[in-house]
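This report concerns only the one structure given below.
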Amino acid sequence: MKVTGKAIKFGDNVDTDVILPGKYLVLIDPKELAKHAMEGLDPTFPEKAKKGVIVVGGKNFGCGSSREQAPIALKYAGVKCVLAGSFARIFFRNAINIGLPVIEHKDISAAVDNGDELTVDFEAGTIQNLSKGKSFPVAKLPPFILEILADGGLIENLRRRLNKK
Amino acid sequence: MNISEKILAKASGKNVVHAGEIADAKVDMIMVHDLTGPLAVEAFKRIGVNHVWDNKKIVIILDHQVPAESVKAAELHKMLRKFAKEQKIRIYDVGKGGICHQVMPEKGHVLPGTVIVGADSHTCTYGAFGAFATGIGSTEAAAVFATGKIWLKVPEAIKVNVTGQFQKYVTPKDLILSIIGKLGADGATYKSVEFAGPAIRAMSIAGRMTLCNMTVEMGAKNGIVEPDEITRKFLEGRTAKALVPFESLKSDADASYEKVVDIDVTDLEPQIACPSSVDNVKPASEVGNVQVEQAFIGSCTNGRIEDLRLAAQILKGKMVKEGVRTLVIPASQEVYSQALKEGLIEIFTDAGAMVCGSTCGPCLGGHIGLLASGETCVSTSNRNFIGRMGSTEANVYLASPATVAASAVTGRITDPRELEASKA
């Protein structure tokens with residue numbers, strides 16, 4: 001599994017209220033949610049993300065509420081992957097469960113500038129910054145998480161596994 | 001092992017577990033609410049199993065957008081009622097419950113030694129009863145509906161040892177804000193935070209709930225307090241189930257902790273979390289002149305009867321300042337009813353505050369009491385993020401019920417002891 005896209009950077013402690021404000025939680029359609037992705041920090045984000053981007057955050061990305069609508073909004077806005085110095089735990093699990101890859105690397109924010117072209121290879125465990133001609137290793141995602149991502153999320157994974165029995 | 005490790009070991013059928021290990025834990029109880037439940041139900045239907053694993057271990061609570069403030073919310077509520085009926089799941093509807101984290105223990109769904117997951121980040125509140133409780137997302141909740149199990153990495157633990165006695169008008173809320181200020185918004189990420197020491201043993205269930213509730217604001221997986229007689233007294237009459245012996249829920253003397261933090265509350269002052277991060281904490285005396293347009297007393301953090309009593313003590317016989325919209329929202333129907341019996345509701349209405357039915361309300365800016373641009377709210381809730389209570393250009397300051405009540409009277413953020421001193 002590999003993704004490529006331009007980086008859009010954010011700072012530390014990006015919380016789920018700025019990723020998807022509470023007033024939109026009554027929306028169910030992922031495409032509707034996507035229109036409000038990152039509204040608390042940059043209302044033009046959905047327009048920028050359309051072509052497929054990689055979000056790069058600082059530490060504690062996704063802190064706050066357990067709302068799964070936050071990673072869903074990012075995914076459907078066009079985010080292919082989120083890289084961050086560290087993640088809040090519920091966001092981390094939610095992202096994987098809905099099929100949005102997330103990778104933690106403590107120095108990622110310093111190694112990437114806004115607009116850099118990145119390629120992330122989940123199986124090999126590498127992030128390549130094509131704009132800077134640099135590559136660095138990251139921890140590989142464990143096989144069961146790669147399996148969930150390859151299936152497109154936890155539900156699809158569970159459906160496949162339960163029906164196999 | 002510490003208490004969290006003991007609970008996870010038992011739930012995963014092992015004698016011993018250690019931090020870092022993955023525990024495949026059996027879930028004793030799961031809760032979803034009206035904003036996370038609909039996604040969970042949709043996801044559950046996609047799995048392709050007909051029935052939930054155990055309908056006695058699932059609770060649905062309508063609390064975030066109640067009573068329905070829009071047709072969209074009404075449709076979500078309708079969907080959850082239908083699912084509850086089909087699967088014979090307990091649902092606490094409008095007027096029958098209140099805020100999920102208050103209703104769960106009140107109705108006997110939280111027992112010491114159990115593993116509880118909830119599709120809400122503040123599920124960690126139940127650690128106040130010696131349960132291992134943590135927040136999850138909707139999809140994961142659907143998976144638990146189907147399987148009754150969840151994988152959890154056994155967390156490293158931080159022990160917070162609390163000694164001393166609180167001064168008048170200084171509360172557990174001030175303690176937890178001060179701890180978050182010290183450790184930071186990611187100071188306990190993935191970790192367990194265990195509260196211990198004489199000041200915790202002397203603390204009410206309400207206070208312990210406030211502490212555990214806000215552990216997620218420093219990233220914790222769970223907050224926890226060893227159960228004791230105070231726990232037993234709260235649970236009496238609320239559950240028919242036999243309780244596990246509390247001796248089995250004590251951390252061993254040689255239990256390992258990543259860090260031990262010692263705090264003496266004797267000199268603790270009222271604390272304020274300033275915009276727009278929960279770890280931006282200062283003593284009330286140092287925030288300067290901050291005028292407020294709204295004061296909110298309520299939420300799963302501070303909407304309990306003890307919180308309302310404290311606010312009423314300050315508001316009794318006074319009027320809130322002209323221009324300060326003051327909202328009081330009891331955390332549950334039970335709390336509301338008790339506040340009525342004690343005459344607290346009258347004190348609030350006489351003071352010019354508006355009392356609303358039990359709901360999460362303004363805390364998450366979804367329903368009632370939203371802020372306009374440039375406005376400031378002092379709130380007993382748990383988050384002050386940008387846009388949390390409405391406009392992205394509004395400011396939220398977090399404080400205790402005593403501080404919020406005092407600030408409602410003066411119209412600016414006020415140390416409650418200052419109001420007391422001016423009265424003398």
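Every chain in the structure tokens takes a letter, A first, then B, and so on in the order presented; its residues are numbered from 1, and the ligands are numbered from 1 following the presented order.
Using only C-alpha atoms, the part of chain B that sits within 6 Å of chain A is made up of Ile47, Ala73, Asp120, Ser121, Ile136, Gly137, Asp186, Tyr190, Leu364, Gly365, Gly366 and Arg388 of chain B.
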Report task. Once DSSP has gone over the backbone, tell me which residues of chain A are in helix (DSSP H, G or I), as a PyMOL selection string. Result -> chain A and resi 16-19+22-24+30-34+45-49+69-77+89-97+108-111+143-151+154-164
**Report entry** strand (DSSP E) per DSSP on the backbone: members of region 26-77 of chain A, as a PyMOL selection string
**Finding:** chain A and resi 53-57
Would you save the residues from that selection as an mmCIF file, in the first residue's frame, using C-alpha atoms?
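Dumped everything to again07.cif:
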```cif
data_model
loop_
_atom_site.group_PDB
_atom_site.id
_atom_site.type_symbol
_atom_site.label_atom_id
_atom_site.label_comp_id
_atom_site.auth_asym_id
_atom_site.auth_seq_id
_atom_site.Cartn_x
_atom_site.Cartn_y
_atom_site.Cartn_z
ATOM 1 C CA VAL A 53 -3.479 15.437 -0.177
ATOM 2 C CA ILE A 54 -1.490 14.208 2.794
ATOM 3 C CA VAL A 55 -2.135 16.062 6.049
ATOM 4 C CA VAL A 56 0.919 16.625 8.236
ATOM 5 C CA GLY A 57 0.357 17.568 11.872
#
```
**Report entry** For Phe122 (chain A): contacts at 12 Å, only C-alpha atoms, fewer than 6 positions along chain excluded, given as a list of chain:residue names
**Finding:** A:Met1, A:Lys2, A:Val3, A:Thr4, A:Cys81, A:Leu83, A:Leu100, A:Pro101, A:Val102, A:Ile103, A:Glu104, A:Gln128, A:Pro137, A:Val138, A:Ala139, A:Lys140, A:Leu141, A:Pro142, A:Pro143, A:Ile145, A:Leu146, A:Glu147, A:Leu149, A:Ala150
Taking C-alpha atoms for each residue, export the selection above as a PDB file, in the first residue's frame.
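Okay, this is what ended up in result-v8.pdb:
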```pdb
ATOM      1  CA  MET A   1       0.000   0.000   0.000  1.00  0.00           C
ATOM      2  CA  LYS A   2       1.349   3.353  -1.102  1.00  0.00           C
ATOM      3  CA  VAL A   3      -0.070   6.867  -1.332  1.00  0.00           C
ATOM      4  CA  THR A   4       1.288  10.043  -2.932  1.00  0.00           C
ATOM      5  CA  CYS A  81      -3.142   9.775   4.808  1.00  0.00           C
ATOM      6  CA  LEU A  83       1.185  11.942   9.277  1.00  0.00           C
ATOM      7  CA  LEU A 100      -7.785   6.351   6.653  1.00  0.00           C
ATOM      8  CA  PRO A 101      -4.075   5.515   7.102  1.00  0.00           C
ATOM      9  CA  VAL A 102      -2.274   7.301   9.945  1.00  0.00           C
ATOM     10  CA  ILE A 103       1.442   7.206  10.711  1.00  0.00           C
ATOM     11  CA  GLU A 104       3.267   8.609  13.683  1.00  0.00           C
ATOM     12  CA  GLN A 128       9.656   9.923   0.880  1.00  0.00           C
ATOM     13  CA  PRO A 137      11.958   5.131   7.767  1.00  0.00           C
ATOM     14  CA  VAL A 138       8.884   4.957   9.966  1.00  0.00           C
ATOM     15  CA  ALA A 139       7.544   2.117  12.083  1.00  0.00           C
ATOM     16  CA  LYS A 140       5.676  -0.361   9.916  1.00  0.00           C
ATOM     17  CA  LEU A 141       2.017  -0.750  10.675  1.00  0.00           C
ATOM     18  CA  PRO A 142       1.341  -4.205  12.170  1.00  0.00           C
ATOM     19  CA  PRO A 143      -0.146  -6.793   9.745  1.00  0.00           C
ATOM     20  CA  ILE A 145      -3.860  -2.963  10.825  1.00  0.00           C
ATOM     21  CA  LEU A 146      -2.604  -3.209   7.227  1.00  0.00           C
ATOM     22  CA  GLU A 147      -5.297  -5.833   6.684  1.00  0.00           C
ATOM     23  CA  LEU A 149      -6.726  -0.675   5.778  1.00  0.00           C
ATOM     24  CA  ALA A 150      -6.505  -2.968   2.735  1.00  0.00           C
TER      25      ALA A 150
END
```
Selection near Ala77 (chain A), 6 Å with only C-alpha atoms, sequence-local residues under 5 positions removed, as a PDB file with C-alpha atoms, in the first residue's frame:
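In the end it all went to out12.pdb:
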```
ATOM      1  CA  ALA A  34     -16.341  16.560   3.914  1.00  0.00           C
ATOM      2  CA  PRO A  46     -12.000  21.063   1.304  1.00  0.00           C
ATOM      3  CA  ALA A  49      -7.812  18.778  -0.509  1.00  0.00           C
TER       4      ALA A  49
END
```
Query - Residues near Ala73 (chain A), cut-off 10 Å, only C-alpha atoms, skip fewer than 3 positions along chain, as an MDAnalysis selection string - result: chainID A and resid 19:20 29:38 46 68:70 76:79
I need the chosen residues saved as a compact mmCIF listing (two decimals), in the first residue's frame, with N, CA and C atoms.
```txt
# COMPACT_ATOMS: atom_id res chain seq x y z
N ILE A 19 -11.42 20.05 13.42
CA ILE A 19 -11.47 19.17 12.24
C ILE A 19 -12.92 19.06 11.76
N LEU A 20 -13.84 18.91 12.69
CA LEU A 20 -15.27 18.90 12.31
C LEU A 20 -16.10 19.45 13.48
N ASP A 29 -24.21 11.90 5.79
CA ASP A 29 -23.57 11.68 4.50
C ASP A 29 -22.10 12.14 4.52
N PRO A 30 -21.16 11.21 4.31
CA PRO A 30 -19.74 11.58 4.36
C PRO A 30 -19.39 12.75 3.44
N LYS A 31 -20.05 12.84 2.31
CA LYS A 31 -19.74 13.93 1.36
C LYS A 31 -20.16 15.29 1.94
N GLU A 32 -21.24 15.28 2.70
CA GLU A 32 -21.68 16.51 3.37
C GLU A 32 -20.69 16.89 4.48
N LEU A 33 -20.26 15.87 5.24
CA LEU A 33 -19.28 16.11 6.31
C LEU A 33 -18.00 16.69 5.72
N ALA A 34 -17.60 16.15 4.55
CA ALA A 34 -16.34 16.56 3.91
C ALA A 34 -16.32 18.05 3.60
N LYS A 35 -17.48 18.64 3.33
CA LYS A 35 -17.54 20.07 3.00
C LYS A 35 -17.10 20.95 4.17
N HIS A 36 -17.10 20.37 5.40
CA HIS A 36 -16.76 21.17 6.58
C HIS A 36 -15.44 20.72 7.22
N ALA A 37 -14.69 19.87 6.52
CA ALA A 37 -13.43 19.37 7.08
C ALA A 37 -12.49 20.54 7.38
N MET A 38 -11.93 20.56 8.57
CA MET A 38 -10.94 21.55 9.01
C MET A 38 -11.50 22.98 9.06
N PRO A 46 -11.39 22.06 2.21
CA PRO A 46 -12.00 21.06 1.30
C PRO A 46 -11.64 21.32 -0.16
N GLU A 68 -16.16 10.15 15.20
CA GLU A 68 -15.56 9.50 14.04
C GLU A 68 -15.79 10.33 12.79
N GLN A 69 -16.76 11.26 12.89
CA GLN A 69 -17.05 12.14 11.77
C GLN A 69 -15.81 12.97 11.41
N ALA A 70 -14.87 13.15 12.35
CA ALA A 70 -13.66 13.94 12.06
C ALA A 70 -12.78 13.24 11.02
N TYR A 76 -13.10 11.85 3.14
CA TYR A 76 -13.95 12.15 1.98
C TYR A 76 -13.64 13.52 1.37
N ALA A 77 -12.91 14.37 2.10
CA ALA A 77 -12.47 15.64 1.51
C ALA A 77 -11.31 15.41 0.55
N GLY A 78 -10.67 14.24 0.65
CA GLY A 78 -9.56 13.93 -0.26
C GLY A 78 -8.24 13.63 0.44
N VAL A 79 -8.27 13.53 1.77
CA VAL A 79 -7.03 13.24 2.50
C VAL A 79 -6.72 11.74 2.35
```
Requested in this report: Would you list the contacts of Met203 (chain B) as a ChimeraX atom specification, taking every protein, DNA or RNA residue within 9 Å and counting only C-alpha atoms, but skipping same-chain residues closer than 4 positions in sequence?
Outcome: /B:172,198-199,207-208,230
Restricting it to C-alpha atoms, dump the selection as a PDB file, in the first residue's frame.
```
ATOM      1  CA  PRO B 172     -11.789  18.776  42.320  1.00  0.00           C
ATOM      2  CA  PRO B 198      -5.907  10.658  51.353  1.00  0.00           C
ATOM      3  CA  ALA B 199      -7.532  13.581  49.512  1.00  0.00           C
ATOM      4  CA  GLY B 207     -15.484  14.889  42.654  1.00  0.00           C
ATOM      5  CA  ARG B 208     -13.866  11.617  41.571  1.00  0.00           C
ATOM      6  CA  ILE B 230     -17.922   5.828  49.272  1.00  0.00           C
TER       7      ILE B 230
END
```
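Among the candidates A:Lys9, A:Lys164, A:Lys132, A:Lys50, the one nearest to Lys80 (chain A) when counting only C-alpha atoms is A:Lys50.
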Query - Within 9 Å of Gly317 (chain B) using only C-alpha atoms, minus same-chain residues under 5 positions, as a ChimeraX atom specification - result: /B:347,350-351
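Considering only C-alpha atoms, the residue among B:Thr266, B:Thr36, B:Ser4, B:Gln102 positioned nearest to Thr171 (chain B) is B:Thr266.
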